[in-house]
>>> print(open('protein.pdb').read())   # PDB, C-alpha atoms
ATOM      1  CA  MET W  17       0.000   0.000   0.000
ATOM      2  CA  PRO W  18       1.635   3.289  -1.050
ATOM      3  CA  GLU W  19       2.144   5.917   1.587
ATOM      4  CA  ARG W  20       0.147   9.108   1.300
ATOM      5  CA  THR W  21       1.790  12.310   2.339
ATOM      6  CA  VAL W  22      -1.383  14.402   2.379
ATOM      7  CA  PRO W  23      -4.766  13.230   3.645
ATOM      8  CA  ARG W  24      -7.818  13.562   1.407
ATOM      9  CA  PRO W  25     -10.286  16.315   2.305
ATOM     10  CA  GLY W  26     -12.297  15.265   5.327
ATOM     11  CA  GLN W  27      -9.938  12.348   6.028
ATOM     12  CA  ARG W  28      -8.199  12.150   9.375
ATOM     13  CA  TRP W  29      -4.798  10.630   9.890
ATOM     14  CA  ARG W  30      -4.844   7.485  11.923
ATOM     15  CA  ILE W  31      -1.438   6.985  13.449
ATOM     16  CA  ARG W  32      -0.521   3.360  13.931
ATOM     17  CA  HIS W  33       2.354   2.615  16.177
ATOM     18  CA  ALA W  34       4.853  -0.120  15.400
ATOM     19  CA  ARG W  35       3.480  -3.517  16.246
ATOM     20  CA  GLY W  36       5.323  -6.690  15.480
ATOM     21  CA  VAL W  37       4.068 -10.042  14.364
ATOM     22  CA  SER W  38       4.606 -11.107  17.911
ATOM     23  CA  GLY W  39       2.237 -12.498  20.395
ATOM     24  CA  ARG W  40       0.973 -15.943  21.025
ATOM     25  CA  HIS W  41       1.463 -18.055  17.920
ATOM     26  CA  PRO W  42      -0.178 -21.377  18.871
ATOM     27  CA  PHE W  43       2.319 -23.504  16.940
ATOM     28  CA  GLU W  44       5.277 -21.709  18.494
ATOM     29  CA  VAL W  45       3.914 -21.854  22.034
ATOM     30  CA  THR W  46       3.015 -25.535  21.710
ATOM     31  CA  SER W  47       6.416 -26.405  20.257
ATOM     32  CA  LEU W  48       8.282 -24.525  22.980
ATOM     33  CA  ALA W  49       6.185 -26.052  25.769
ATOM     34  CA  THR W  50       6.718 -29.519  24.292
ATOM     35  CA  ALA W  51      10.466 -28.849  24.151
ATOM     36  CA  VAL W  52      10.492 -28.190  27.891
ATOM     37  CA  VAL W  53       8.528 -31.362  28.630
ATOM     38  CA  CYS W  54      10.727 -33.492  26.337
ATOM     39  CA  GLY W  55      13.935 -32.046  27.765
ATOM     40  CA  VAL W  56      12.821 -32.732  31.326
ATOM     41  CA  LEU W  57      11.784 -36.280  30.409
ATOM     42  CA  LEU W  58      15.144 -36.894  28.697
ATOM     43  CA  ILE W  59      16.974 -35.885  31.869
ATOM     44  CA  VAL W  60      14.651 -37.468  34.447
ATOM     45  CA  LEU W  61      14.175 -40.789  32.649
ATOM     46  CA  ASP W  62      17.792 -40.821  31.413
ATOM     47  CA  SER W  63      16.565 -42.355  28.172
ATOM     48  CA  ARG W  64      17.610 -41.111  24.743
ATOM     49  CA  PRO W  65      16.399 -42.011  21.264
ATOM     50  CA  ARG W  66      18.672 -44.578  19.608
ATOM     51  CA  SER W  67      19.649 -42.162  16.839
ATOM     52  CA  VAL W  68      20.827 -39.619  19.409
ATOM     53  CA  SER W  69      22.725 -42.185  21.487
ATOM     54  CA  ILE W  70      24.616 -43.412  18.428
ATOM     55  CA  ALA W  71      25.172 -40.080  16.645
ATOM     56  CA  MET W  72      26.063 -37.852  19.599
ATOM     57  CA  PRO W  73      28.678 -38.152  22.327
ATOM     58  CA  THR W  74      27.306 -38.266  25.878
ATOM     59  CA  LEU W  75      28.173 -34.634  26.601
ATOM     60  CA  LEU W  76      26.402 -33.479  23.441
ATOM     61  CA  GLU W  77      23.343 -35.551  24.396
ATOM     62  CA  GLN W  78      23.185 -33.714  27.725
ATOM     63  CA  VAL W  79      23.665 -30.340  26.034
ATOM     64  CA  TRP W  80      20.848 -31.266  23.650
ATOM     65  CA  ALA W  81      18.442 -32.112  26.504
ATOM     66  CA  VAL W  82      19.322 -28.973  28.490
ATOM     67  CA  GLY W  83      19.096 -26.936  25.285
ATOM     68  CA  LEU W  84      15.522 -28.084  24.779
ATOM     69  CA  ILE W  85      14.616 -26.972  28.292
ATOM     70  CA  VAL W  86      16.410 -23.613  28.158
ATOM     71  CA  ALA W  87      15.147 -22.737  24.659
ATOM     72  CA  GLY W  88      11.602 -23.713  25.620
ATOM     73  CA  ILE W  89      11.498 -21.738  28.855
ATOM     74  CA  ALA W  90      13.231 -18.689  27.363
ATOM     75  CA  GLY W  91      10.949 -18.751  24.336
ATOM     76  CA  LEU W  92       7.823 -18.956  26.455
ATOM     77  CA  CYS W  93       9.115 -16.068  28.580
ATOM     78  CA  GLY W  94       9.763 -14.018  25.430
ATOM     79  CA  VAL W  95       6.282 -14.713  24.056
ATOM     80  CA  ALA W  96       4.627 -13.803  27.374
ATOM     81  CA  TRP W  97       6.842 -10.725  27.992
ATOM     82  CA  ARG W  98       4.807  -7.741  29.179
ATOM     83  CA  GLY W  99       7.574  -5.146  29.364
ATOM     84  CA  GLN W 100       9.257  -3.422  26.445
ATOM     85  CA  PRO W 101       8.190  -5.200  23.222
ATOM     86  CA  ALA W 102      11.724  -5.137  21.794
ATOM     87  CA  THR W 103      13.083  -6.900  24.872
ATOM     88  CA  GLY W 104      10.491  -9.653  24.692
ATOM     89  CA  MET W 105      11.096 -10.078  20.978
ATOM     90  CA  GLY W 106      14.845 -10.258  21.576
ATOM     91  CA  VAL W 107      14.408 -12.983  24.192
ATOM     92  CA  GLU W 108      12.074 -14.845  21.830
ATOM     93  CA  LEU W 109      14.594 -14.452  18.990
ATOM     94  CA  GLY W 110      17.459 -15.917  21.010
ATOM     95  CA  ALA W 111      15.311 -18.794  22.232
ATOM     96  CA  LEU W 112      14.077 -19.651  18.750
ATOM     97  CA  LEU W 113      17.608 -19.610  17.343
ATOM     98  CA  SER W 114      18.560 -22.127  20.045
ATOM     99  CA  PHE W 115      15.398 -24.149  19.523
ATOM    100  CA  GLY W 116      16.100 -24.369  15.797
ATOM    101  CA  ALA W 117      19.643 -25.513  16.541
ATOM    102  CA  VAL W 118      18.644 -28.306  18.942
ATOM    103  CA  THR W 119      15.833 -29.545  16.706
ATOM    104  CA  GLY W 120      18.213 -29.401  13.761
ATOM    105  CA  MET W 121      20.712 -31.487  15.745
ATOM    106  CA  TYR W 122      18.088 -34.157  16.266
ATOM    107  CA  ALA W 123      17.027 -34.101  12.608
ATOM    108  CA  ILE W 124      20.638 -34.614  11.521
ATOM    109  CA  ALA W 125      21.028 -37.489  13.995
ATOM    110  CA  VAL W 126      17.899 -39.144  12.605
ATOM    111  CA  PHE W 127      19.080 -38.713   8.996
ATOM    112  CA  VAL W 128      22.589 -40.003   9.692
ATOM    113  CA  ILE W 129      21.635 -43.046  11.755
ATOM    114  CA  SER W 130      18.309 -44.115  10.259
ATOM    115  CA  GLY W 131      18.913 -43.304   6.612
ATOM    116  CA  GLN W 132      15.957 -43.760   4.296
ATOM    117  CA  PRO W 133      13.649 -45.343   6.926
ATOM    118  CA  GLY W 134      14.072 -42.218   9.072
ATOM    119  CA  LEU W 135      13.435 -39.806   6.215
ATOM    120  CA  THR W 136       9.888 -38.862   7.204
ATOM    121  CA  ALA W 137      10.687 -38.423  10.898
ATOM    122  CA  GLY W 138      13.827 -36.445  10.063
ATOM    123  CA  LEU W 139      11.989 -34.192   7.622
ATOM    124  CA  PHE W 140       9.263 -33.551  10.162
ATOM    125  CA  ILE W 141      11.756 -32.502  12.823
ATOM    126  CA  ALA W 142      13.770 -30.496  10.265
ATOM    127  CA  ALA W 143      10.562 -28.634   9.393
ATOM    128  CA  VAL W 144      10.239 -27.569  13.035
ATOM    129  CA  ALA W 145      13.793 -26.183  12.890
ATOM    130  CA  VAL W 146      13.063 -24.324   9.634
ATOM    131  CA  ALA W 147       9.822 -22.909  11.072
ATOM    132  CA  SER W 148      11.767 -21.727  14.099
ATOM    133  CA  TRP W 149      14.308 -19.927  11.941
ATOM    134  CA  TRP W 150      11.549 -18.493   9.747
ATOM    135  CA  ARG W 151      10.007 -16.991  12.863
ATOM    136  CA  CYS W 152      13.441 -15.584  13.731
ATOM    137  CA  ALA W 153      13.472 -13.799  10.375
ATOM    138  CA  GLN W 154      10.043 -12.290  11.135
ATOM    139  CA  ILE W 155      11.185 -11.095  14.547
ATOM    140  CA  THR W 156      14.395  -9.643  13.104
ATOM    141  CA  ARG W 157      12.384  -7.739  10.488
ATOM    142  CA  ASP W 158      10.046  -6.388  13.157
ATOM    143  CA  LEU W 159      12.920  -5.340  15.407
ATOM    144  CA  TYR W 160      14.526  -3.561  12.447
ATOM    145  CA  ARG W 161      11.275  -1.697  11.730
ATOM    146  CA  MET W 162      10.925  -0.754  15.364
ATOM    147  CA  ALA W 163      14.491   0.586  15.387
ATOM    148  CA  GLN W 164      13.806   2.602  12.245
ATOM    149  CA  ALA W 165      10.671   4.085  13.798
ATOM    150  CA  GLN W 166      12.589   4.963  16.937
ATOM    151  CA  GLN W 167      15.276   6.717  14.911
ATOM    152  CA  GLN W 168      12.747   8.626  12.854
ATOM    153  CA  ARG W 169      10.406   9.059  15.797
ATOM    154  CA  ALA W 170       7.590   8.216  13.445
ATOM    155  CA  ALA W 171       4.829   5.681  13.445
ATOM    156  CA  ILE W 172       5.239   2.792  11.018
ATOM    157  CA  GLU W 173       3.011  -0.082  10.105
ATOM    158  CA  VAL W 174       4.030  -3.593  11.043
ATOM    159  CA  PRO W 175       1.398  -6.295  10.527
ATOM    160  CA  THR W 176       0.028  -8.118  13.530
ATOM    161  CA  LEU W 177      -1.080 -11.702  13.751
ATOM    162  CA  VAL W 178      -4.593 -10.700  14.814
ATOM    163  CA  GLU W 179      -5.534  -7.059  15.104
ATOM    164  CA  GLY W 180      -8.207  -6.266  17.619
ATOM    165  CA  ALA W 181      -7.967  -9.534  19.527
ATOM    166  CA  PRO W 182      -9.547  -9.291  23.001
ATOM    167  CA  HIS W 183      -6.187  -9.390  24.813
ATOM    168  CA  ASP W 184      -4.201  -7.475  22.189
ATOM    169  CA  ARG W 185      -3.100  -4.361  24.033
ATOM    170  CA  SER W 186      -1.496  -2.974  20.889
ATOM    171  CA  SER W 187      -4.885  -2.292  19.288
ATOM    172  CA  ALA W 188      -6.393  -0.610  22.368
ATOM    173  CA  ARG W 189      -7.584   2.903  21.734
TER     174      ARG W 189
END
>>> encode(input="protein.pdb", output="structure tokens")
Amino acid sequence: MPERTVPRPGQRWRIRHARGVSGRHPFEVTSLATAVVCGVLLIVLDSRPRSVSIAMPTLLEQVWAVGLIVAGIAGLCGVAWRGQPATGMGVELGALLSFGAVTGMYAIAVFVISGQPGLTAGLFIAAVAVASWWRCAQITRDLYRMAQAQQQRAAIEVPTLVEGAPHDRSSAR
């Protein structure tokens, strides 16, 4: 949509402040919560998938399990952040980068050990890693737009997941 520099006669300017595509994405929240549960179960039950046990040294297995927990908790904290939006988005960004890395580690382990029989499981897990990094790109774009708006001290338009949702404080008037 092209920007207009002059409003039409009788038209009022509606200033929209920068709002990111942040908030509660159900897929993201579910994935991060599941990561915490899986990481805790890996540590408590001391049981690893065969592909992980074969492909990763013991220390890397432990890092993988702790990484799931830390990325999940940090990501959920970033999504639920109620302070400065940029801070919450930064926490979410860091967590999703980590989450993509640990899920990517597992996908590689499945591909390497299982070969063709593990193709579908590996692709499914790899898709979670790609989705995580895709979300990182969205957050990075939104943080860049917010920084530009701050420098220009102007309102910019950043799309939201759902505008006017009951708990969306960004659309409150």
>>> resolve_selection(input="protein.pdb", expression="the PyMOL selection byres ((chain W and resi 51) around 10)", output="MDAnalysis selection string")
chainID W and resid 45:50 52:57 81:89 115 118:119
>>> resolve_selection(input="protein.pdb", expression="the PyMOL selection byres ((chain W and resi 121-128) around 7)", output="PyMOL selection string")
chain W and resi 67-68+71+117-120+129-131+134-135+138+141-142
>>> residues_around(input="protein.pdb", residues="Trp149 in chain W", least_positions_apart="3", cutoff="12 Å", atoms="all atoms listed in the file", output="ChimeraX atom specification")
/W:44,108-120,142-146,152-156
>>> axis_aligned_box(input="protein.pdb", around="range 124-130 of chain W", padding_each_side="8 Å", output="lines of an AutoDock Vina configuration file")
center_x = 20.2
center_y = -39.4
center_z = 11.5
size_x = 20.7
size_y = 25.5
size_z = 21.0
>>> residues_around(input="protein.pdb", residues="Val107 in chain W", least_positions_apart="5", cutoff="9 Å", atoms="all atoms listed in the file", output="number ranges by chain")
W: 90-91, 93-95, 97, 102, 112
>>> decode(input="protein.pdb", residues="range 107-129 of chain W", atoms="N, CA and C atoms", output="PDB file, in the first residue's frame")
ATOM      1  N   VAL W 107      14.347 -11.727  23.438  1.00  0.00           N
ATOM      2  CA  VAL W 107      14.408 -12.983  24.192  1.00  0.00           C
ATOM      3  C   VAL W 107      13.837 -14.114  23.345  1.00  0.00           C
ATOM      4  N   GLU W 108      12.709 -13.854  22.701  1.00  0.00           N
ATOM      5  CA  GLU W 108      12.074 -14.845  21.830  1.00  0.00           C
ATOM      6  C   GLU W 108      12.999 -15.213  20.671  1.00  0.00           C
ATOM      7  N   LEU W 109      13.660 -14.218  20.099  1.00  0.00           N
ATOM      8  CA  LEU W 109      14.594 -14.452  18.990  1.00  0.00           C
ATOM      9  C   LEU W 109      15.734 -15.374  19.402  1.00  0.00           C
ATOM     10  N   GLY W 110      16.363 -15.076  20.530  1.00  0.00           N
ATOM     11  CA  GLY W 110      17.459 -15.917  21.010  1.00  0.00           C
ATOM     12  C   GLY W 110      17.006 -17.332  21.303  1.00  0.00           C
ATOM     13  N   ALA W 111      15.832 -17.468  21.909  1.00  0.00           N
ATOM     14  CA  ALA W 111      15.311 -18.794  22.232  1.00  0.00           C
ATOM     15  C   ALA W 111      14.999 -19.590  20.973  1.00  0.00           C
ATOM     16  N   LEU W 112      14.424 -18.937  19.977  1.00  0.00           N
ATOM     17  CA  LEU W 112      14.077 -19.651  18.750  1.00  0.00           C
ATOM     18  C   LEU W 112      15.306 -20.025  17.931  1.00  0.00           C
ATOM     19  N   LEU W 113      16.356 -19.213  17.992  1.00  0.00           N
ATOM     20  CA  LEU W 113      17.608 -19.610  17.343  1.00  0.00           C
ATOM     21  C   LEU W 113      18.146 -20.884  17.992  1.00  0.00           C
ATOM     22  N   SER W 114      18.108 -20.935  19.316  1.00  0.00           N
ATOM     23  CA  SER W 114      18.560 -22.127  20.045  1.00  0.00           C
ATOM     24  C   SER W 114      17.650 -23.323  19.774  1.00  0.00           C
ATOM     25  N   PHE W 115      16.355 -23.078  19.773  1.00  0.00           N
ATOM     26  CA  PHE W 115      15.398 -24.149  19.523  1.00  0.00           C
ATOM     27  C   PHE W 115      15.597 -24.745  18.128  1.00  0.00           C
ATOM     28  N   GLY W 116      15.821 -23.886  17.148  1.00  0.00           N
ATOM     29  CA  GLY W 116      16.100 -24.369  15.797  1.00  0.00           C
ATOM     30  C   GLY W 116      17.378 -25.188  15.746  1.00  0.00           C
ATOM     31  N   ALA W 117      18.372 -24.776  16.518  1.00  0.00           N
ATOM     32  CA  ALA W 117      19.643 -25.513  16.541  1.00  0.00           C
ATOM     33  C   ALA W 117      19.473 -26.900  17.164  1.00  0.00           C
ATOM     34  N   VAL W 118      18.778 -26.994  18.297  1.00  0.00           N
ATOM     35  CA  VAL W 118      18.644 -28.306  18.942  1.00  0.00           C
ATOM     36  C   VAL W 118      17.722 -29.232  18.159  1.00  0.00           C
ATOM     37  N   THR W 119      16.672 -28.682  17.538  1.00  0.00           N
ATOM     38  CA  THR W 119      15.833 -29.545  16.706  1.00  0.00           C
ATOM     39  C   THR W 119      16.563 -29.948  15.436  1.00  0.00           C
ATOM     40  N   GLY W 120      17.389 -29.052  14.914  1.00  0.00           N
ATOM     41  CA  GLY W 120      18.213 -29.401  13.761  1.00  0.00           C
ATOM     42  C   GLY W 120      19.223 -30.491  14.087  1.00  0.00           C
ATOM     43  N   MET W 121      19.780 -30.437  15.302  1.00  0.00           N
ATOM     44  CA  MET W 121      20.712 -31.487  15.745  1.00  0.00           C
ATOM     45  C   MET W 121      20.039 -32.849  15.731  1.00  0.00           C
ATOM     46  N   TYR W 122      18.810 -32.889  16.218  1.00  0.00           N
ATOM     47  CA  TYR W 122      18.088 -34.157  16.266  1.00  0.00           C
ATOM     48  C   TYR W 122      17.755 -34.638  14.855  1.00  0.00           C
ATOM     49  N   ALA W 123      17.344 -33.716  13.989  1.00  0.00           N
ATOM     50  CA  ALA W 123      17.027 -34.101  12.608  1.00  0.00           C
ATOM     51  C   ALA W 123      18.249 -34.700  11.916  1.00  0.00           C
ATOM     52  N   ILE W 124      19.402 -34.091  12.119  1.00  0.00           N
ATOM     53  CA  ILE W 124      20.638 -34.614  11.521  1.00  0.00           C
ATOM     54  C   ILE W 124      20.949 -36.002  12.080  1.00  0.00           C
ATOM     55  N   ALA W 125      20.779 -36.169  13.384  1.00  0.00           N
ATOM     56  CA  ALA W 125      21.028 -37.489  13.995  1.00  0.00           C
ATOM     57  C   ALA W 125      20.103 -38.546  13.395  1.00  0.00           C
ATOM     58  N   VAL W 126      18.845 -38.195  13.191  1.00  0.00           N
ATOM     59  CA  VAL W 126      17.899 -39.144  12.605  1.00  0.00           C
ATOM     60  C   VAL W 126      18.309 -39.482  11.171  1.00  0.00           C
ATOM     61  N   PHE W 127      18.667 -38.469  10.386  1.00  0.00           N
ATOM     62  CA  PHE W 127      19.080 -38.713   8.996  1.00  0.00           C
ATOM     63  C   PHE W 127      20.319 -39.593   8.931  1.00  0.00           C
ATOM     64  N   VAL W 128      21.311 -39.290   9.752  1.00  0.00           N
ATOM     65  CA  VAL W 128      22.589 -40.003   9.692  1.00  0.00           C
ATOM     66  C   VAL W 128      22.435 -41.459  10.127  1.00  0.00           C
ATOM     67  N   ILE W 129      21.732 -41.694  11.207  1.00  0.00           N
ATOM     68  CA  ILE W 129      21.635 -43.046  11.755  1.00  0.00           C
ATOM     69  C   ILE W 129      20.580 -43.882  11.047  1.00  0.00           C
TER      70      ILE W 129
END
